[in-house]
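> Sharing protein.txt, compact mmCIF, C-alpha atoms:
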# COMPACT_ATOMS: atom_id res chain seq x y z
CA MET A 127 4.08 105.89 -33.74
CA LYS A 128 4.31 102.42 -32.29
CA VAL A 129 4.66 101.61 -28.59
CA THR A 130 7.19 98.92 -27.77
CA ILE A 131 6.04 96.96 -24.71
CA ILE A 132 8.89 95.29 -22.89
CA ASP A 133 7.67 91.77 -22.20
CA TYR A 134 9.77 90.09 -19.54
CA GLY A 135 6.95 87.72 -18.61
CA ALA A 136 4.95 90.01 -16.31
CA GLY A 137 1.32 89.08 -15.87
CA ASN A 138 -0.07 92.50 -16.80
CA VAL A 139 1.35 92.67 -20.33
CA PRO A 140 -1.85 91.43 -22.03
CA SER A 141 -4.07 93.93 -20.23
CA VAL A 142 -1.70 96.79 -21.08
CA GLU A 143 -1.74 95.62 -24.68
CA ARG A 144 -5.55 95.49 -24.67
CA ALA A 145 -5.78 99.00 -23.20
CA LEU A 146 -3.51 100.38 -25.95
CA GLN A 147 -5.59 98.59 -28.58
CA ARG A 148 -8.75 100.22 -27.23
CA LEU A 149 -7.04 103.60 -27.60
CA GLY A 150 -6.20 102.75 -31.19
CA ALA A 151 -2.45 102.67 -30.61
CA ALA A 152 -0.12 100.33 -32.45
CA SER A 153 2.06 98.26 -30.15
CA GLU A 154 4.51 95.37 -30.20
CA ARG A 155 5.70 93.13 -27.40
CA THR A 156 9.36 92.38 -27.26
CA SER A 157 12.18 91.03 -25.15
CA LEU A 158 14.80 91.58 -27.86
CA PRO A 159 17.57 94.14 -27.24
CA ASP A 160 17.50 95.35 -30.87
CA ASN A 161 13.78 96.13 -30.79
CA ILE A 162 14.27 98.14 -27.61
CA ALA A 163 17.18 100.04 -29.11
CA GLU A 164 15.06 101.03 -32.09
CA ALA A 165 11.82 101.80 -30.22
CA GLU A 166 9.90 105.05 -30.79
CA ALA A 167 8.19 104.81 -27.39
CA LEU A 168 8.76 102.33 -24.58
CA LEU A 169 6.38 100.92 -22.03
CA LEU A 170 7.53 98.68 -19.18
CA PRO A 171 4.69 96.99 -17.31
CA GLY A 172 5.76 95.15 -14.22
CA VAL A 173 4.12 93.19 -11.50
CA GLY A 174 5.43 90.73 -8.94
CA HIS A 175 8.95 90.60 -7.54
CA TYR A 176 11.56 93.28 -8.25
CA SER A 177 14.26 90.64 -8.76
CA ALA A 178 12.33 88.93 -11.59
CA LEU A 179 12.28 92.18 -13.56
CA VAL A 180 15.90 93.15 -12.93
CA ARG A 181 17.18 89.64 -13.66
CA ALA A 182 15.20 89.49 -16.91
CA LEU A 183 16.59 92.87 -18.01
CA ASP A 184 20.13 91.62 -17.42
CA GLU A 185 19.84 88.01 -18.56
CA GLN A 186 18.08 88.99 -21.77
CA ARG A 187 20.50 91.89 -22.33
CA MET A 188 17.76 94.51 -22.33
CA ARG A 189 19.30 96.87 -19.75
CA ARG A 190 21.85 98.60 -21.97
CA PRO A 191 19.53 99.32 -24.95
CA LEU A 192 16.79 100.39 -22.55
CA VAL A 193 18.96 102.88 -20.66
CA GLY A 194 20.44 104.05 -23.98
CA ALA A 195 17.04 104.70 -25.51
CA ILE A 196 15.78 106.57 -22.45
CA GLN A 197 18.95 108.70 -22.33
CA ARG A 198 18.47 109.54 -26.02
CA GLY A 199 15.06 110.94 -25.15
CA VAL A 200 12.75 108.09 -26.22
CA PRO A 201 9.47 108.49 -24.25
CA PHE A 202 9.28 105.84 -21.52
CA LEU A 203 6.39 104.84 -19.28
CA GLY A 204 7.01 102.44 -16.40
CA ILE A 205 4.06 100.84 -14.63
CA CYS A 206 4.31 99.60 -11.00
CA LEU A 207 7.67 97.74 -10.93
CA GLY A 208 8.40 99.61 -14.16
CA LEU A 209 8.43 102.81 -12.06
CA GLN A 210 10.41 101.24 -9.22
CA VAL A 211 13.19 100.00 -11.51
CA LEU A 212 13.90 103.59 -12.61
CA PHE A 213 15.49 104.23 -9.20
CA ALA A 214 18.93 103.16 -7.99
CA SER A 215 17.84 100.09 -6.03
CA SER A 216 15.07 98.45 -4.03
CA ALA A 217 14.88 97.07 -0.52
CA GLU A 218 13.01 94.12 -2.03
CA SER A 219 16.33 92.88 -3.50
CA PRO A 220 19.06 95.08 -2.03
CA GLN A 221 21.86 93.25 -3.87
CA LEU A 222 20.48 94.14 -7.32
CA HIS A 223 20.85 97.38 -9.23
CA GLY A 224 18.00 99.34 -10.74
CA LEU A 225 18.32 101.46 -13.88
CA ASN A 226 19.50 104.38 -11.72
CA LEU A 227 17.87 106.99 -13.96
CA LEU A 228 16.26 108.60 -10.92
CA PRO A 229 18.05 108.98 -7.57
CA GLY A 230 16.83 107.18 -4.47
CA LYS A 231 15.96 103.77 -3.18
CA VAL A 232 12.64 101.94 -3.30
CA CYS A 233 11.54 101.00 0.24
CA ALA A 234 8.99 98.73 1.89
CA LEU A 235 5.78 100.43 2.96
CA PRO A 236 5.46 100.40 6.78
CA SER A 237 3.88 97.35 8.40
CA THR A 238 1.58 99.59 10.44
CA VAL A 239 -0.93 99.34 7.57
CA LYS A 240 -2.35 96.40 5.65
CA LEU A 241 -0.03 95.18 2.93
CA PRO A 242 -0.06 94.88 -0.02
CA HIS A 243 -1.48 98.37 -0.58
CA MET A 244 -4.29 96.89 -2.62
CA GLY A 245 -7.16 98.76 -4.19
CA TRP A 246 -8.25 102.18 -5.34
CA ASN A 247 -6.61 105.30 -3.96
CA GLN A 248 -6.36 108.96 -4.84
CA VAL A 249 -3.17 110.82 -5.65
CA GLY A 250 -2.13 114.34 -4.68
CA ARG A 251 -0.44 116.39 -7.36
CA THR A 252 2.75 118.10 -6.28
CA ARG A 253 3.15 120.01 -9.52
CA GLU A 254 1.92 120.26 -13.10
CA SER A 255 1.67 116.75 -14.53
CA ARG A 256 1.52 115.88 -18.22
CA LEU A 257 0.34 112.33 -17.51
CA LEU A 258 -2.50 113.53 -15.28
CA ALA A 259 -3.60 116.37 -17.60
CA GLY A 260 -7.38 116.55 -17.91
CA ILE A 261 -7.95 113.90 -15.22
CA ASP A 262 -10.20 114.81 -12.27
CA PRO A 263 -7.97 115.57 -9.24
CA ALA A 264 -10.30 113.34 -7.17
CA ALA A 265 -9.88 110.36 -9.53
CA TYR A 266 -8.98 106.98 -8.08
CA PHE A 267 -6.31 104.64 -9.45
CA TYR A 268 -5.77 100.94 -8.76
CA PHE A 269 -2.69 100.06 -6.67
CA ALA A 270 -1.27 96.61 -5.81
CA HIS A 271 2.19 96.82 -4.21
CA SER A 272 4.13 96.56 -0.95
CA PHE A 273 7.21 98.56 -1.95
CA ALA A 274 7.31 102.14 -3.14
CA ALA A 275 9.63 104.87 -4.32
CA PRO A 276 10.29 107.79 -1.96
CA ASP A 277 9.06 111.26 -2.76
CA SER A 278 12.60 112.49 -2.40
CA ASN A 279 13.42 114.37 -5.53
CA GLY A 280 12.08 116.70 -8.18
CA SER A 281 10.79 113.93 -10.42
CA THR A 282 7.65 113.34 -8.31
CA ALA A 283 4.52 114.72 -9.98
CA ALA A 284 1.99 113.14 -7.62
CA THR A 285 2.12 111.33 -4.31
CA CYS A 286 -0.04 108.84 -2.47
CA VAL A 287 -0.19 107.85 1.18
CA HIS A 288 -0.49 104.35 2.59
CA GLY A 289 1.29 104.18 5.91
CA ALA A 290 3.85 106.52 4.36
CA LEU A 291 4.02 109.10 1.62
CA PHE A 292 5.39 107.74 -1.66
CA ALA A 293 5.78 108.70 -5.31
CA ALA A 294 2.66 107.73 -7.27
CA VAL A 295 3.60 109.48 -10.51
CA VAL A 296 7.11 110.47 -11.63
CA GLU A 297 7.87 112.65 -14.62
CA GLN A 298 11.26 113.92 -15.73
CA HIS A 299 11.73 115.01 -19.33
CA ASN A 300 10.92 111.84 -21.34
CA ILE A 301 10.78 109.57 -18.27
CA PHE A 302 7.34 108.74 -16.89
CA GLY A 303 6.32 106.27 -14.23
CA VAL A 304 3.18 105.35 -12.31
CA GLN A 305 3.03 103.17 -9.21
CA PHE A 306 -0.61 102.26 -9.88
CA HIS A 307 -1.97 100.25 -12.78
CA PRO A 308 -3.56 102.55 -15.39
CA GLU A 309 -4.57 99.46 -17.41
CA LYS A 310 -6.75 98.45 -14.42
CA SER A 311 -7.93 101.92 -13.40
CA GLY A 312 -11.07 102.33 -15.48
CA ASP A 313 -11.61 105.56 -17.43
CA SER A 314 -9.03 107.57 -15.44
CA GLY A 315 -6.35 105.01 -16.29
CA MET A 316 -7.32 105.00 -19.96
CA ARG A 317 -7.05 108.78 -20.01
CA LEU A 318 -3.57 108.60 -18.51
CA LEU A 319 -2.42 106.11 -21.14
CA GLN A 320 -3.89 108.35 -23.81
CA ASN A 321 -1.91 111.27 -22.38
CA PHE A 322 1.27 109.20 -22.63
CA LEU A 323 0.46 108.32 -26.26
CA ARG A 324 0.00 112.03 -27.05
CA ILE A 325 3.27 112.95 -25.35
CA ALA A 326 5.06 110.18 -27.25
CA ALA A 327 3.51 110.98 -30.63
CA MET B 829 -7.62 110.78 0.85
CA SER B 830 -7.34 107.11 1.70
CA LEU B 831 -7.80 103.68 0.28
CA ALA B 832 -11.37 103.12 -0.91
CA HIS B 833 -13.45 100.21 0.32
CA ARG B 834 -13.99 97.93 -2.65
CA ILE B 835 -17.26 96.54 -3.95
CA ILE B 836 -16.68 93.29 -5.82
CA PRO B 837 -19.31 91.40 -7.80
CA CYS B 838 -18.66 87.68 -8.04
CA LEU B 839 -19.58 85.47 -10.97
CA ASP B 840 -19.97 81.87 -9.82
CA THR B 841 -19.88 79.86 -13.04
CA ASP B 842 -20.19 76.25 -14.09
CA GLY B 843 -17.36 77.10 -16.45
CA VAL B 844 -19.63 78.65 -19.06
CA ARG B 845 -22.73 80.22 -17.46
CA VAL B 846 -23.20 82.14 -14.24
CA VAL B 847 -25.05 80.01 -11.71
CA LYS B 848 -26.70 80.73 -8.39
CA GLY B 849 -27.18 78.58 -5.32
CA VAL B 850 -28.00 78.74 -1.64
CA ASN B 851 -25.38 77.44 0.78
CA PHE B 852 -23.43 76.05 -2.17
CA VAL B 853 -26.32 73.81 -3.36
CA GLY B 854 -29.41 74.05 -5.61
CA LEU B 855 -27.82 75.81 -8.56
CA ARG B 856 -29.74 77.74 -11.21
CA ASP B 857 -28.75 79.77 -14.25
CA ALA B 858 -28.13 83.50 -13.69
CA GLY B 859 -26.73 84.73 -16.98
CA ASP B 860 -23.85 85.24 -19.35
CA PRO B 861 -20.56 86.04 -17.57
CA VAL B 862 -19.28 88.23 -20.40
CA ALA B 863 -22.38 90.42 -20.48
CA LEU B 864 -22.42 90.72 -16.68
CA ALA B 865 -18.71 91.58 -16.62
CA ALA B 866 -19.22 94.37 -19.15
CA ARG B 867 -22.12 95.73 -17.10
CA TYR B 868 -20.21 95.71 -13.81
CA ASN B 869 -17.16 97.31 -15.40
CA LYS B 870 -19.38 100.17 -16.56
CA GLU B 871 -21.39 100.46 -13.35
CA GLY B 872 -18.34 101.13 -11.19
CA ALA B 873 -17.41 97.75 -9.73
CA ASP B 874 -13.93 97.96 -8.21
CA GLU B 875 -12.89 94.46 -9.21
CA LEU B 876 -14.50 91.32 -10.51
CA VAL B 877 -14.18 87.73 -9.32
CA VAL B 878 -14.95 84.78 -11.61
CA LEU B 879 -15.09 81.32 -10.07
CA ASP B 880 -15.49 77.92 -11.61
CA ILE B 881 -17.54 76.26 -8.91
CA ALA B 882 -17.84 72.99 -10.83
CA ALA B 883 -14.05 72.90 -11.29
CA SER B 884 -14.15 69.70 -13.29
CA ARG B 885 -10.99 68.83 -15.16
CA ASP B 886 -12.71 68.31 -18.54
CA ARG B 887 -14.33 71.73 -18.50
CA ARG B 888 -11.19 73.64 -17.57
CA PRO B 889 -10.43 74.76 -21.17
CA THR B 890 -13.96 76.18 -21.38
CA PHE B 891 -13.48 78.10 -18.14
CA LEU B 892 -10.18 79.50 -19.38
CA GLU B 893 -11.97 80.70 -22.50
CA THR B 894 -14.58 82.35 -20.25
CA ILE B 895 -11.77 84.15 -18.37
CA ARG B 896 -10.31 85.37 -21.67
CA ARG B 897 -13.67 86.73 -22.82
CA VAL B 898 -14.42 88.33 -19.45
CA ALA B 899 -10.94 89.92 -19.23
CA ALA B 900 -11.43 91.49 -22.65
CA GLU B 901 -14.40 93.45 -21.25
CA LEU B 902 -12.64 94.84 -18.19
CA SER B 903 -10.59 97.88 -17.29
CA ILE B 904 -10.63 96.82 -13.61
CA PRO B 905 -8.79 93.93 -11.94
CA LEU B 906 -9.97 90.37 -12.46
CA THR B 907 -9.58 87.53 -9.97
CA ALA B 908 -10.23 83.97 -11.12
CA GLY B 909 -10.20 80.59 -9.47
CA GLY B 910 -12.03 77.46 -8.51
CA GLY B 911 -10.23 74.12 -8.68
CA ILE B 912 -6.71 75.61 -8.75
CA ARG B 913 -4.57 72.68 -7.57
CA THR B 914 -1.13 73.35 -9.03
CA LEU B 915 1.20 76.16 -10.06
CA GLU B 916 0.42 75.20 -13.65
CA ASP B 917 -3.34 75.68 -13.03
CA GLY B 918 -2.54 79.15 -11.68
CA ARG B 919 -0.37 79.98 -14.67
CA ALA B 920 -3.16 79.03 -17.06
CA VAL B 921 -5.60 81.35 -15.30
CA VAL B 922 -3.11 84.26 -15.29
CA ARG B 923 -2.24 83.66 -18.95
CA ALA B 924 -5.94 83.75 -19.77
CA GLY B 925 -6.08 87.29 -18.36
CA ALA B 926 -6.66 87.10 -14.59
CA ASP B 927 -4.69 89.51 -12.41
CA LYS B 928 -5.12 87.37 -9.31
CA VAL B 929 -5.69 83.69 -8.60
CA THR B 930 -7.79 82.29 -5.77
CA VAL B 931 -6.87 79.06 -4.06
CA ASN B 932 -8.95 77.19 -1.53
CA THR B 933 -9.10 73.42 -0.92
CA ALA B 934 -5.76 72.61 -2.55
CA ALA B 935 -4.04 75.25 -0.40
CA VAL B 936 -5.46 73.70 2.77
CA GLU B 937 -4.11 70.32 1.67
CA ARG B 938 -0.76 71.71 0.52
CA PRO B 939 -0.05 75.29 1.70
CA GLU B 940 3.18 75.37 -0.33
CA LEU B 941 0.93 76.00 -3.35
CA ILE B 942 0.42 79.52 -1.97
CA SER B 943 4.19 80.09 -1.80
CA GLU B 944 4.73 78.74 -5.30
CA LEU B 945 2.11 81.05 -6.79
CA SER B 946 3.32 83.98 -4.69
CA ARG B 947 6.93 83.52 -5.81
CA GLU B 948 5.93 83.44 -9.46
CA PHE B 949 3.29 86.18 -9.59
CA GLY B 950 3.84 88.18 -6.39
CA ALA B 951 1.75 88.13 -3.21
CA GLN B 952 -0.64 90.72 -4.67
CA ALA B 953 -1.76 88.08 -7.19
CA VAL B 954 -2.57 85.33 -4.69
CA VAL B 955 -5.94 85.36 -2.96
CA LEU B 956 -6.55 82.74 -0.30
CA ALA B 957 -10.24 81.86 -0.28
CA ILE B 958 -11.40 80.63 3.13
CA ASP B 959 -14.86 79.18 3.67
CA ALA B 960 -15.54 79.42 7.40
CA LYS B 961 -18.34 77.95 9.47
CA ARG B 962 -19.07 78.77 13.06
CA ASN B 963 -18.38 76.05 15.60
CA GLY B 964 -19.06 77.28 19.13
CA SER B 965 -16.76 80.16 19.91
CA HIS B 966 -14.55 79.77 16.84
CA TRP B 967 -14.77 79.05 13.10
CA ASN B 968 -13.92 75.89 11.20
CA VAL B 969 -12.32 75.99 7.77
CA MET B 970 -14.52 74.17 5.27
CA VAL B 971 -13.29 72.66 2.00
CA ARG B 972 -14.68 71.13 -1.20
CA GLY B 973 -17.24 73.85 -1.81
CA GLY B 974 -18.09 74.35 1.85
CA ARG B 975 -19.14 70.74 2.37
CA ASP B 976 -16.38 69.18 4.45
CA SER B 977 -14.61 70.40 7.55
CA ALA B 978 -10.84 70.66 7.24
CA ASN B 979 -10.54 70.47 11.03
CA ARG B 980 -8.65 73.75 11.10
CA ASP B 981 -9.30 76.97 12.90
CA GLY B 982 -10.24 79.84 10.59
CA ILE B 983 -8.15 82.51 12.29
CA GLU B 984 -5.07 80.29 12.49
CA TRP B 985 -5.42 79.30 8.83
CA ALA B 986 -5.80 82.93 7.73
CA LYS B 987 -2.60 83.88 9.58
CA SER B 988 -0.78 80.88 8.24
CA GLY B 989 -1.97 81.51 4.66
CA ALA B 990 -0.70 85.09 4.77
CA ALA B 991 2.64 83.81 6.09
CA PHE B 992 2.83 81.37 3.17
CA GLY B 993 2.49 84.34 0.81
CA ALA B 994 -1.19 85.09 0.19
CA GLY B 995 -1.65 88.82 -0.47
CA GLU B 996 -5.36 88.86 0.28
CA ILE B 997 -8.04 86.76 1.94
CA LEU B 998 -11.46 86.14 0.44
CA LEU B 999 -13.47 85.16 3.48
CA THR B 1000 -16.83 83.48 2.96
CA SER B 1001 -19.20 82.76 5.81
CA VAL B 1002 -20.71 79.37 5.00
CA ASP B 1003 -23.42 80.10 7.58
CA ARG B 1004 -24.48 83.32 5.86
CA ASP B 1005 -23.85 82.42 2.21
CA GLY B 1006 -27.07 82.65 0.22
CA THR B 1007 -29.19 83.66 3.23
CA GLN B 1008 -29.23 87.43 2.51
CA ALA B 1009 -29.17 87.92 6.30
CA GLY B 1010 -26.10 90.19 6.13
CA PHE B 1011 -22.36 89.56 6.26
CA ASP B 1012 -20.89 87.79 9.26
CA THR B 1013 -19.46 90.83 11.02
CA GLU B 1014 -17.96 88.94 13.93
CA LEU B 1015 -16.12 86.43 11.72
CA THR B 1016 -14.81 89.12 9.40
CA ALA B 1017 -13.62 91.38 12.21
CA ALA B 1018 -11.90 88.45 13.92
CA ILE B 1019 -9.96 87.50 10.79
CA SER B 1020 -9.34 91.03 9.52
CA THR B 1021 -7.77 92.17 12.77
CA ALA B 1022 -5.70 88.97 13.03
CA VAL B 1023 -3.95 89.29 9.65
CA SER B 1024 -1.89 92.02 8.01
CA VAL B 1025 -3.30 91.48 4.51
CA PRO B 1026 -6.58 92.88 3.11
CA VAL B 1027 -9.75 90.86 3.72
CA ILE B 1028 -12.70 90.59 1.33
CA ALA B 1029 -15.94 89.73 3.16
CA SER B 1030 -18.38 87.42 1.40
CA GLY B 1031 -21.66 85.66 2.09
CA GLY B 1032 -25.04 87.02 3.12
CA ALA B 1033 -25.23 90.45 1.51
CA LYS B 1034 -28.58 91.90 0.56
CA LEU B 1035 -29.09 95.45 1.82
CA PRO B 1036 -26.84 98.51 1.54
CA GLU B 1037 -26.81 98.55 5.38
CA HIS B 1038 -25.10 95.16 5.31
CA PHE B 1039 -22.20 96.69 3.36
CA ALA B 1040 -21.99 99.71 5.69
CA GLN B 1041 -21.91 97.35 8.66
CA ILE B 1042 -19.19 95.07 7.29
CA PHE B 1043 -16.94 98.04 6.54
CA LYS B 1044 -17.58 99.86 9.83
CA GLU B 1045 -17.84 96.97 12.30
CA GLY B 1046 -16.34 94.06 10.36
CA ALA B 1047 -13.10 95.85 9.42
CA ALA B 1048 -13.46 94.51 5.88
CA ASP B 1049 -11.30 96.02 3.15
CA ALA B 1050 -13.67 94.89 0.43
CA ALA B 1051 -17.08 93.25 0.19
CA LEU B 1052 -18.19 90.69 -2.34
CA ALA B 1053 -21.66 89.67 -3.44
CA ALA B 1054 -23.24 87.85 -6.34
CA SER B 1055 -26.98 87.46 -6.76
CA ILE B 1056 -28.06 90.91 -5.54
CA PHE B 1057 -25.95 92.44 -8.28
CA HIS B 1058 -26.92 89.93 -11.00
CA ASP B 1059 -30.62 90.42 -10.36
CA GLY B 1060 -30.26 94.17 -10.62
CA LEU B 1061 -31.73 94.46 -7.11
CA GLN B 1062 -28.78 96.49 -5.97
CA PRO B 1063 -27.14 98.79 -8.54
CA ILE B 1064 -23.48 99.31 -7.64
CA ARG B 1065 -23.65 103.06 -8.09
CA THR B 1066 -26.52 103.58 -5.64
CA LEU B 1067 -24.82 101.25 -3.16
CA LYS B 1068 -21.67 103.36 -3.33
CA GLU B 1069 -23.65 106.58 -2.95
CA PHE B 1070 -25.32 105.09 0.13
CA LEU B 1071 -21.91 104.25 1.62
CA ALA B 1072 -20.37 107.62 0.72
CA ALA B 1073 -23.27 109.37 2.49
CA ARG B 1074 -22.27 107.43 5.62
CA ASN B 1075 -18.67 108.63 5.41
CA ILE B 1076 -17.36 105.32 4.12
CA GLU B 1077 -14.64 105.93 1.57
CA VAL B 1078 -15.64 104.46 -1.80
CA ARG B 1079 -14.64 105.16 -5.38
CA LEU B 1080 -17.47 106.99 -7.08
CA PRO B 1081 -16.83 106.91 -10.82
CA CYS B 1082 -16.74 110.44 -12.20
Translate this structure into structure tokens?


Amino acid sequence: MKVTIIDYGAGNVPSVERALQRLGAASERTSLPDNIAEAEALLLPGVGHYSALVRALDEQRMRRPLVGAIQRGVPFLGICLGLQVLFASSAESPQLHGLNLLPGKVCALPSTVKLPHMGWNQVGRTRESRLLAGIDPAAYFYFAHSFAAPDSNGSTAATCVHGALFAAVVEQHNIFGVQFHPEKSGDSGMRLLQNFLRIAA
Amino acid sequence: MSLAHRIIPCLDTDGVRVVKGVNFVGLRDAGDPVALAARYNKEGADELVVLDIAASRDRRPTFLETIRRVAAELSIPLTAGGGIRTLEDGRAVVRAGADKVTVNTAAVERPELISELSREFGAQAVVLAIDAKRNGSHWNVMVRGGRDSANRDGIEWAKSGAAFGAGEILLTSVDRDGTQAGFDTELTAAISTAVSVPVIASGGAKLPEHFAQIFKEGAADAALAASIFHDGLQPIRTLKEFLAARNIEVRLPC
């Protein structure tokens, strides 16, 4: 099994690639629609502005093959913005459309706390999670974001709180997403990526 | 359950080797950045900062190679900087494997640099480094390695930098740097409560009590130190255990 990493120019692609290498997984980077359509497993790392990701998906004609592959059941893991884009839209760029595979709208975290939500935080499991299997419930993960998806539907597997409660891990059939950066989260993050590789295998 | 206070070792390099100095002068060799990075990653550091304090144009390719080799050792975030003057400089550092870029003197001279980097990489990737020196009842911003005054007020510059798009402030007390007399609690609290972005306190750390104090009284979100970690005087794990015992939220690796 090979993991296809969608490379739209996000800064965290090399570290995701390195993490997969350490786990012994084969991976390829791509921004080509055909490669996405034929992928066995898809990983979308994202960091930065929501609009840069959505525009890249549309301008490079990746949206349709991506949604098609996910709807056919290809295992998908979205990291940070890669989780946010699964939802219908984001307050960061209200005029743009997300992939709309999960219902709800990504919102800004409240300005009553320091933003970005930057650093290591714990997550609270709301139900059985395949991504978090075998990981200490007290484990910390590295977050770096100012917008977040609401915990408003059944896809949430774990939540986190920073000013407000938000979805930290989403899981629905073959769709997986994490708001934190597993590729930057030490051993706990490596374990999570390994869990995804097992699910996808 | 809340956000952990971060402990961040800093590697001041001449591009190739880690160097040490007091108040930005009198440098001496303190080791191999790649070996130190691997050690800190394993010991439970929350992030790592690598700076090119020489920041000479000719040695930039060597520093970028150092970033690449350091990044390959890490499964925690990496911040790199020193001599970042343009968007292109920032791109090179990110391409080499840094998750965040620090800007200092060039941002004081041209704050738009912060916005340019922030637009391209997101605010979470832009760290505004401020070197502050006490002047009566306020703090002056210092530039060019802490040598020259920029004739700007530290608090005002921190606020302005965040408004330009910095996602974090790395605040160094020029007065305390290298003295091991403890962090500047007053400076850090003044800046941290004035801005809405996280603040990393730097300069003066020696004892575990200094870290407890900067988190409790200085309102710091993270604390950075160099030589005490390099020398092995202060293992990161025992520092975190000390803080946890004082009810300061830290990430204790399992």

> For chain B against chain A, which residues fall within 10 Å using only C-alpha atoms, given as a compact mmCIF listing (two decimals) with C-alpha atoms, in the frame of the given file?


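Generated output (iface10.txt):
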# COMPACT_ATOMS: atom_id res chain seq x y z
CA MET B 829 -7.62 110.78 0.85
CA SER B 830 -7.34 107.11 1.70
CA LEU B 831 -7.80 103.68 0.28
CA ALA B 832 -11.37 103.12 -0.91
CA HIS B 833 -13.45 100.21 0.32
CA ARG B 834 -13.99 97.93 -2.65
CA ASN B 869 -17.16 97.31 -15.40
CA LYS B 870 -19.38 100.17 -16.56
CA GLY B 872 -18.34 101.13 -11.19
CA ALA B 873 -17.41 97.75 -9.73
CA ASP B 874 -13.93 97.96 -8.21
CA GLU B 875 -12.89 94.46 -9.21
CA ALA B 899 -10.94 89.92 -19.23
CA ALA B 900 -11.43 91.49 -22.65
CA GLU B 901 -14.40 93.45 -21.25
CA LEU B 902 -12.64 94.84 -18.19
CA SER B 903 -10.59 97.88 -17.29
CA ILE B 904 -10.63 96.82 -13.61
CA PRO B 905 -8.79 93.93 -11.94
CA LEU B 906 -9.97 90.37 -12.46
CA ARG B 919 -0.37 79.98 -14.67
CA VAL B 922 -3.11 84.26 -15.29
CA ARG B 923 -2.24 83.66 -18.95
CA ALA B 924 -5.94 83.75 -19.77
CA GLY B 925 -6.08 87.29 -18.36
CA ALA B 926 -6.66 87.10 -14.59
CA ASP B 927 -4.69 89.51 -12.41
CA LYS B 928 -5.12 87.37 -9.31
CA SER B 946 3.32 83.98 -4.69
CA ARG B 947 6.93 83.52 -5.81
CA GLU B 948 5.93 83.44 -9.46
CA PHE B 949 3.29 86.18 -9.59
CA GLY B 950 3.84 88.18 -6.39
CA ALA B 951 1.75 88.13 -3.21
CA GLN B 952 -0.64 90.72 -4.67
CA ALA B 953 -1.76 88.08 -7.19
CA ALA B 994 -1.19 85.09 0.19
CA GLY B 995 -1.65 88.82 -0.47
CA GLU B 996 -5.36 88.86 0.28
CA SER B 1020 -9.34 91.03 9.52
CA THR B 1021 -7.77 92.17 12.77
CA VAL B 1023 -3.95 89.29 9.65
CA SER B 1024 -1.89 92.02 8.01
CA VAL B 1025 -3.30 91.48 4.51
CA PRO B 1026 -6.58 92.88 3.11
CA VAL B 1027 -9.75 90.86 3.72
CA ASP B 1049 -11.30 96.02 3.15
CA ALA B 1050 -13.67 94.89 0.43
CA GLU B 1077 -14.64 105.93 1.57
CA VAL B 1078 -15.64 104.46 -1.80
CA ARG B 1079 -14.64 105.16 -5.38
CA LEU B 1080 -17.47 106.99 -7.08
CA PRO B 1081 -16.83 106.91 -10.82
CA CYS B 1082 -16.74 110.44 -12.20

> Given all atoms listed in the file as the basis, pick out the residue of B:Ala1033, B:Val862, B:Leu1015, B:Arg913 nearest to Ser884 (chain B).

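Comparing B:Ala1033, B:Val862, B:Leu1015, B:Arg913 against Ser884 (chain B), the winner is B:Arg913.
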
> Nearest residue to Leu209 (chain A) out of A:Leu318, A:Leu323, A:Leu149, A:Ala294, using all atoms listed in the file?

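Under the stated criterion, the closest residue is A:Ala294.
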
> Please, what distance in Å, to one decimal, runs between CA of Ile1064 (chain B) and CA of Gly1031 (chain B)?

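That distance, rounded to one decimal, is 16.9 Å.
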
> Looking at all atoms listed in the file, which of B:His1058, B:Arg1074, B:Arg962, B:Arg975 is the one that sits closest to Ile836 (chain B)?

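The shortest atom-to-atom distance to Ile836 (chain B) comes from B:His1058.
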
> How many Å separate CA of Ile912 (chain B) from CA of Asp1003 (chain B)?

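Distance reported for this atom pair: 23.8 Å.
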
> What does the distance from CA of Val971 (chain B) to CA of Thr933 (chain B) come to in Å, to one decimal?

5.2 Å

> Quick one: everything within 7 Å of Thr1013 (chain B), counting all atoms listed in the file, minus sequence neighbours fewer than 3 positions away in the same chain. Send it as a tab-separated table (two decimals) with C-alpha atoms, in the coordinates of the input.


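Result file is result00.tsv:
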chain	number	residue	atom	x	y	z
B	1016	THR	CA	-14.81	89.12	9.40
B	1017	ALA	CA	-13.62	91.38	12.21
B	1042	ILE	CA	-19.19	95.07	7.29
B	1045	GLU	CA	-17.84	96.97	12.30
B	1046	GLY	CA	-16.34	94.06	10.36

> Give me, as a list in words, all polymer residues having an atom no more than 10 Å from region 151-155 of chain A, counting only C-alpha atoms and skipping those fewer than 2 positions away in the same chain.

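Listed by chain and then number, they are Met127, Lys128, Val129, Thr130, Ile131, Ile132, Asp133, Tyr134, Val139, Pro140, Val142, Glu143, Arg144, Ala145, Leu146, Gln147, Arg148, Leu149, Ser157, Leu158, Asn161, Ile162, Ala165, Ala167, Leu168, Leu169, Gln320 and Leu323 of chain A.
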
> If we count only C-alpha atoms and set the cut-off at 9 Å, which residues sit around Ser977 (chain B), ignoring sequence neighbours fewer than 5 positions away in its own chain? Please answer as an MDAnalysis selection string.

chainID B and resid 961 968:972

> Quick one: everything within 12 Å of region 221-225 of chain A, counting all atoms listed in the file, minus sequence neighbours fewer than 4 positions away in the same chain. Send it as a ChimeraX atom specification.

/A:176-184,188-194,196-197,204,207-217,229-232,275,301

> If you count only C-alpha atoms, which residues fall within 7 Å of Val200 (chain A), apart from same-chain ones fewer than 5 positions away, as a VMD selection string?

chain A and resid 166 to 167 195 300
